[in-house]
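K.L.:
One structure follows; several queries about it will come next.
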Amino acid sequence: MIAIPVIIHLFNFRKFKKVYFTNVKFLKDAQLQTSSTQKLKERLILLSRILAIIFLVLAFSQPYFKDKTDKKTFKNAVISIYLDNSYSMEAVNKNGSLLDEAKRNVKELVDAYSLNDKFQLFTNDFSGKQQRLITKEELLDELNDIKILPIGRDYQSIINRQQNFLFNEQKVKREAYLISDFQKQNQESLKKDTSISFHLIPLIANDLPNISVDSVYFLSPFHQPNQKENLVYKVTNHSDKTAENIPVKLNINGSQKAIASLNIKPNCSQTDTLIFSGLTGGWQKASITIKDYPIVFDDVLNFTFEVKNQIPVLGIFENNAQQNIKIAYQTDAFFKFTEVDLSQINYSGLSNQQLIILENLKSISSGLTQQLKQYLDNGGSLSVFIPLEADLNSYESFFKIIGIDYPTSLVAQNIKAKKIDLTHPIFTDIFEQTPKNIDLPVANKYFNSSNLTKTTKEVLIAGEGNEALFDVFKIGSGKAYVSFIPIEKEASNLSQHALFLPMLFKMALLAAKEQKLFYTIGKDQEVEIPNFNIPENQNIIIKNKEIEVIPELIKKPSETMLYFADQLNKQGIYEVLLKDSLLASFALNEDRRESELKFYNRDELSKIFGVSDKNILKTNAQTLAKQIETSNFGVSLWKLCIILTILFLLMEILLIRFFKNKNLSAA
């Protein structure tokens, strides 16, 4: 091709033209052109033609600049595409909803690849059917079925899923795409496989204000019928403007129990307390509701809790029961108090007791020790009153096994309680106002404590010289109360003291396990319910008005776990039934991570995901197919070659037209 302009040049510039003059005097006025100037013109024209031919040929060959870091080339590609379908993708921009825009981007994306390339398309569902290779046509069919889900995923789990899938695909180009609005998460950097090329397609929505109900909790872990309840809730304003007069409603079992109104500063959270009463025994189905538009999925927070009609308390005695303990609990029907002799204990029923009291046991057998250790580890509460005739070696062995201070000796000496920890829950609400001079128990005999435990002990009542008289110890998930003051009348006035009854009551009430008020869709896949005797041929059912599932049962010593995996993915309150009997209720709520509408910018995405700017594709610029082509194959140069071809042809024309040869040859 290059020889063509050379041949043309040789034949064209070798020709001579005869010019006849009528008068030779005209030759005097002729401007003689040197041979060097003539050669320069000819060579410039030749160079222009050669370069024009060269760049024309290059344009048809479509050259490009390849990324130096990409050394491997493969014929085919496997592409993993993640499409975010969480609640935040319901937001809108000028192109419609973000989910619809994401679907259009997927269509453009697959058009950038050949028919031989294979794809994986998955969403926040993380279902098993999305773990397979599909063709373009199959992908487009599945794309139409994608809808918003109340499930959010962290970016590391998304990347891990793509990497695990692509790891099995060898000898192909491996590409991964993430299409999302990229809400901010608590992640500084992500771990990823450098052999996989990751691309991000961020979608930008219009700014929208949002207010969410985030959490609730009770000030007291136990609930009694007709008792005053204090419910604390938190509401967050995710916008840059103050939210004023936000109405808050509390509904329980379909009835409105309390209302409030809040003013919340920009990008701040506010907690408040609702006070109500009038509850009856049983499971309570409740919700906190606000009004906020246009984002409404986080305006309702469902929760459940149980109001018990009675609390089971077991007293274990040896030979003769302590009447003062029995009389105290019989003053309130809320406590279901039973007593059993040491020789008649039913060990299998210990886990059903909210509080176990060792009244006057002279010694603790090894069998009882192991059962009580297991009971405490599983969250039970134990109260021990050491009797005057206690076998201290037996108690030392028992207390060492459960990991608490043990009695070393019986001291026959008068002692008066001097300090009481009024901040501990066992003494709160006992006094209407803090008394200056509290009448505290006295004793003429008490047990010395080994005083070895430090981190898991709280001294509730101390005597002169900080002598421990009544302590509480944390053991596993449970706790043990130990009185180093004997309750026999000849040893102390503790059993007749005004503090004795409220202490017994509070030990039982505080033994209540704090119920989990609600669970989160996408995070929690199992719920905890109390232990029940369930026949082998019967199934527990989880249901509400829309769905009914049979969960997997996992029995533990102190509770039963119901595993439902991803079968439940809608917000609401569910019942746990055995035939027609209600065993428990629980609430599912959407993940509040979707409530905070803060998004990563391009620089933040590049840093967190560890990708270059060219791998963060723009949806409002050139087509995705073109950006993918540039990202995968480098910068295309064919357009530049066409432009240079035209420039050199134009240069040839200018040289021929304006660089004229004035040297005339006479015939």
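All residue names refer to the structure tokens as shown: chains lettered A, B, ... in order, residues numbered from 1 in each chain, ligands numbered from 1 in order.
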For segment 197-210 of chain A, please output as number ranges by chain all residues within 7 Å (counting only C-alpha atoms; exclusion window: fewer than 4 positions along the same chain).
P.N.:
A: 91-93, 98, 174-182, 237-239, 292, 295, 615-618
K.L.:
Using only C-alpha atoms, find each residue in segment 68-134 of chain A having at least one atom no more than 10 Å away from segment 561-582 of chain A; report its shortest atom-to-atom pair and that distance in Å (one decimal), rows by chain then rising number, as CSV.
P.N.:
```
residue,atom,partner,partner_atom,distance
A:Asp125,CA,A:Asp566,CA,8.5
A:Phe126,CA,A:Asp566,CA,9.5
A:Ser127,CA,A:Asp566,CA,8.8
```
K.L.:
Tell me, as a list of chain:residue names, which residues lie within 6 Å of Leu517 of chain A, counting only C-alpha atoms; anything in the same chain fewer than 2 positions away does not count.
P.N.:
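Once the adjacent positions are removed, what remains is A:Phe303, A:Thr304, A:Gln515.
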K.L.:
Write a file of the selected residues as a compact mmCIF listing (two decimals), in the first residue's frame, keeping C-alpha atoms.
P.N.:
```
# COMPACT_ATOMS: atom_id res chain seq x y z
CA PHE A 303 -42.19 -6.26 68.71
CA THR A 304 -43.60 -8.88 71.06
CA GLN A 515 -36.84 -11.39 76.00
```
K.L.:
Show me, as an mmCIF file with C-alpha atoms, in the first residue's frame, the residues that have an atom within 9 Å of segment 137-152 of chain A when counting only C-alpha atoms, minus same-chain residues fewer than 4 positions from it.
P.N.:
```
data_model
loop_
_atom_site.group_PDB
_atom_site.id
_atom_site.type_symbol
_atom_site.label_atom_id
_atom_site.label_comp_id
_atom_site.auth_asym_id
_atom_site.auth_seq_id
_atom_site.Cartn_x
_atom_site.Cartn_y
_atom_site.Cartn_z
ATOM 1 C CA ASP A 84 -28.945 -4.607 44.556
ATOM 2 C CA ASN A 85 -32.684 -4.971 45.201
ATOM 3 C CA SER A 86 -32.850 -3.674 48.779
ATOM 4 C CA TYR A 87 -35.379 -1.074 49.940
ATOM 5 C CA MET A 89 -33.376 0.921 45.443
ATOM 6 C CA GLU A 90 -36.996 2.104 45.531
ATOM 7 C CA LEU A 99 -34.161 -0.715 40.418
ATOM 8 C CA LYS A 103 -32.174 -3.501 35.121
ATOM 9 C CA VAL A 106 -27.745 -5.022 33.143
ATOM 10 C CA LYS A 107 -29.207 -5.230 29.633
ATOM 11 C CA VAL A 110 -24.616 -8.088 28.649
ATOM 12 C CA PHE A 119 -23.234 -15.026 33.170
ATOM 13 C CA GLN A 120 -24.280 -15.249 36.794
ATOM 14 C CA LEU A 121 -27.021 -12.909 38.024
ATOM 15 C CA THR A 123 -29.500 -10.327 44.167
ATOM 16 C CA ASN A 124 -29.798 -9.896 47.939
ATOM 17 C CA ASP A 125 -31.851 -13.072 47.985
ATOM 18 C CA PHE A 297 -40.745 0.804 55.119
ATOM 19 C CA ILE A 521 -34.888 -9.924 58.305
ATOM 20 C CA GLY A 522 -31.669 -10.997 56.620
ATOM 21 C CA LYS A 523 -29.711 -11.088 59.890
ATOM 22 C CA ASN A 569 -38.774 -12.502 54.628
ATOM 23 C CA LYS A 570 -41.716 -10.206 55.310
ATOM 24 C CA GLN A 571 -42.086 -7.747 58.161
ATOM 25 C CA ASN A 589 -38.572 -6.101 61.008
ATOM 26 C CA GLU A 590 -36.683 -4.777 58.001
ATOM 27 C CA ASP A 591 -32.995 -4.023 58.389
ATOM 28 C CA ARG A 593 -29.271 -0.139 57.577
ATOM 29 C CA GLU A 594 -31.396 0.769 54.559
#
```
K.L.:
Go ahead and compute the interatomic distance for atom CA of Glu528 of chain A and atom CA of Ala512 of chain A, in Å to one decimal.
P.N.:
14.5 Å
K.L.:
Just the strand (DSSP E) stuff from segment 329-383 of chain A, please, per backbone DSSP, written as a list of chain:residue names.
P.N.:
A:Phe335, A:Lys336, A:Phe337, A:Thr338, A:Glu339, A:Val340, A:Asp341, A:Leu355, A:Ile356, A:Ile357, A:Leu358, A:Ser381, A:Leu382, A:Ser383
K.L.:
Neighbouring residues of segment 344-359 of chain A were defined as those with any atom within 10 Å, considering only C-alpha atoms; residues of the same chain fewer than 4 positions away were excluded. Please report them as a PyMOL selection string.
P.N.:
chain A and resi 311-318+320-323+325+336-340+364+367-368+371-372+374-376+378-387+479-482+486-487+504+507-513+530-532+557-559
K.L.:
Write out, as a CSV table (one decimal), in the first residue's frame, the residues just selected, with C-alpha atoms.
P.N.:
```csv
chain,number,residue,atom,x,y,z
A,311,ILE,CA,-43.3,-17.0,88.1
A,312,PRO,CA,-42.2,-20.5,89.1
A,313,VAL,CA,-39.9,-20.5,92.2
A,314,LEU,CA,-38.5,-23.7,93.8
A,315,GLY,CA,-37.3,-24.0,97.4
A,316,ILE,CA,-35.1,-27.0,98.3
A,317,PHE,CA,-34.8,-27.8,101.9
A,318,GLU,CA,-33.4,-30.6,104.1
A,320,ASN,CA,-37.6,-29.0,107.6
A,321,ALA,CA,-38.5,-26.1,105.3
A,322,GLN,CA,-37.8,-22.5,106.2
A,323,GLN,CA,-41.3,-21.1,106.9
A,325,ILE,CA,-39.4,-18.0,102.8
A,336,LYS,CA,-45.8,-19.9,92.1
A,337,PHE,CA,-43.7,-21.1,95.0
A,338,THR,CA,-43.1,-24.8,95.6
A,339,GLU,CA,-40.9,-26.6,98.0
A,340,VAL,CA,-39.2,-30.0,97.8
A,364,ILE,CA,-24.4,-30.2,98.6
A,367,GLY,CA,-25.1,-34.8,91.7
A,368,LEU,CA,-26.9,-31.7,92.8
A,371,GLN,CA,-27.2,-30.1,88.0
A,372,LEU,CA,-27.0,-26.6,89.6
A,374,GLN,CA,-25.7,-26.7,84.3
A,375,TYR,CA,-28.7,-24.7,85.5
A,376,LEU,CA,-26.6,-21.6,86.1
A,378,ASN,CA,-27.9,-22.0,81.0
A,379,GLY,CA,-29.1,-18.7,82.5
A,380,GLY,CA,-30.8,-19.8,85.7
A,381,SER,CA,-30.8,-17.9,89.0
A,382,LEU,CA,-29.8,-19.5,92.3
A,383,SER,CA,-30.2,-18.1,95.9
A,384,VAL,CA,-28.2,-19.8,98.7
A,385,PHE,CA,-28.8,-19.3,102.4
A,386,ILE,CA,-26.0,-21.1,104.3
A,387,PRO,CA,-27.3,-22.7,107.5
A,479,LYS,CA,-26.3,-15.6,88.6
A,480,ALA,CA,-26.1,-16.8,92.2
A,481,TYR,CA,-27.1,-14.8,95.3
A,482,VAL,CA,-25.2,-15.9,98.5
A,486,PRO,CA,-27.6,-17.4,108.4
A,487,ILE,CA,-31.4,-16.8,108.3
A,504,LEU,CA,-36.9,-12.4,97.8
A,507,MET,CA,-34.4,-12.1,93.1
A,508,ALA,CA,-37.3,-14.0,91.5
A,509,LEU,CA,-38.3,-11.1,89.2
A,510,LEU,CA,-34.8,-10.3,88.1
A,511,ALA,CA,-34.3,-14.0,87.3
A,512,ALA,CA,-36.6,-13.5,84.3
A,513,LYS,CA,-34.7,-13.8,81.0
A,530,PRO,CA,-39.1,-21.5,76.1
A,531,ASN,CA,-38.8,-25.2,76.5
A,532,PHE,CA,-41.9,-27.2,75.9
A,557,PRO,CA,-31.1,-27.3,78.0
A,558,SER,CA,-32.8,-24.0,78.7
A,559,GLU,CA,-34.6,-23.1,75.5
```
K.L.:
Taking only C-alpha atoms into account, which of A:Arg132, A:Thr289, A:Gln496, A:Phe599 comes nearest Ile327 of chain A?
P.N.:
A:Gln496
K.L.:
Quick one: distance from atom CA of Gln156 of chain A to atom CA of Asn186 of chain A in Å, one decimal?
P.N.:
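Going from atom CA of Gln156 of chain A over to atom CA of Asn186 of chain A, I get 10.9 Å.
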K.L.:
What is the atom CA of Leu44 of chain A-atom CA of Leu644 of chain A distance in Å, reported with one decimal?
P.N.:
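A separation of 15.6 Å between them.
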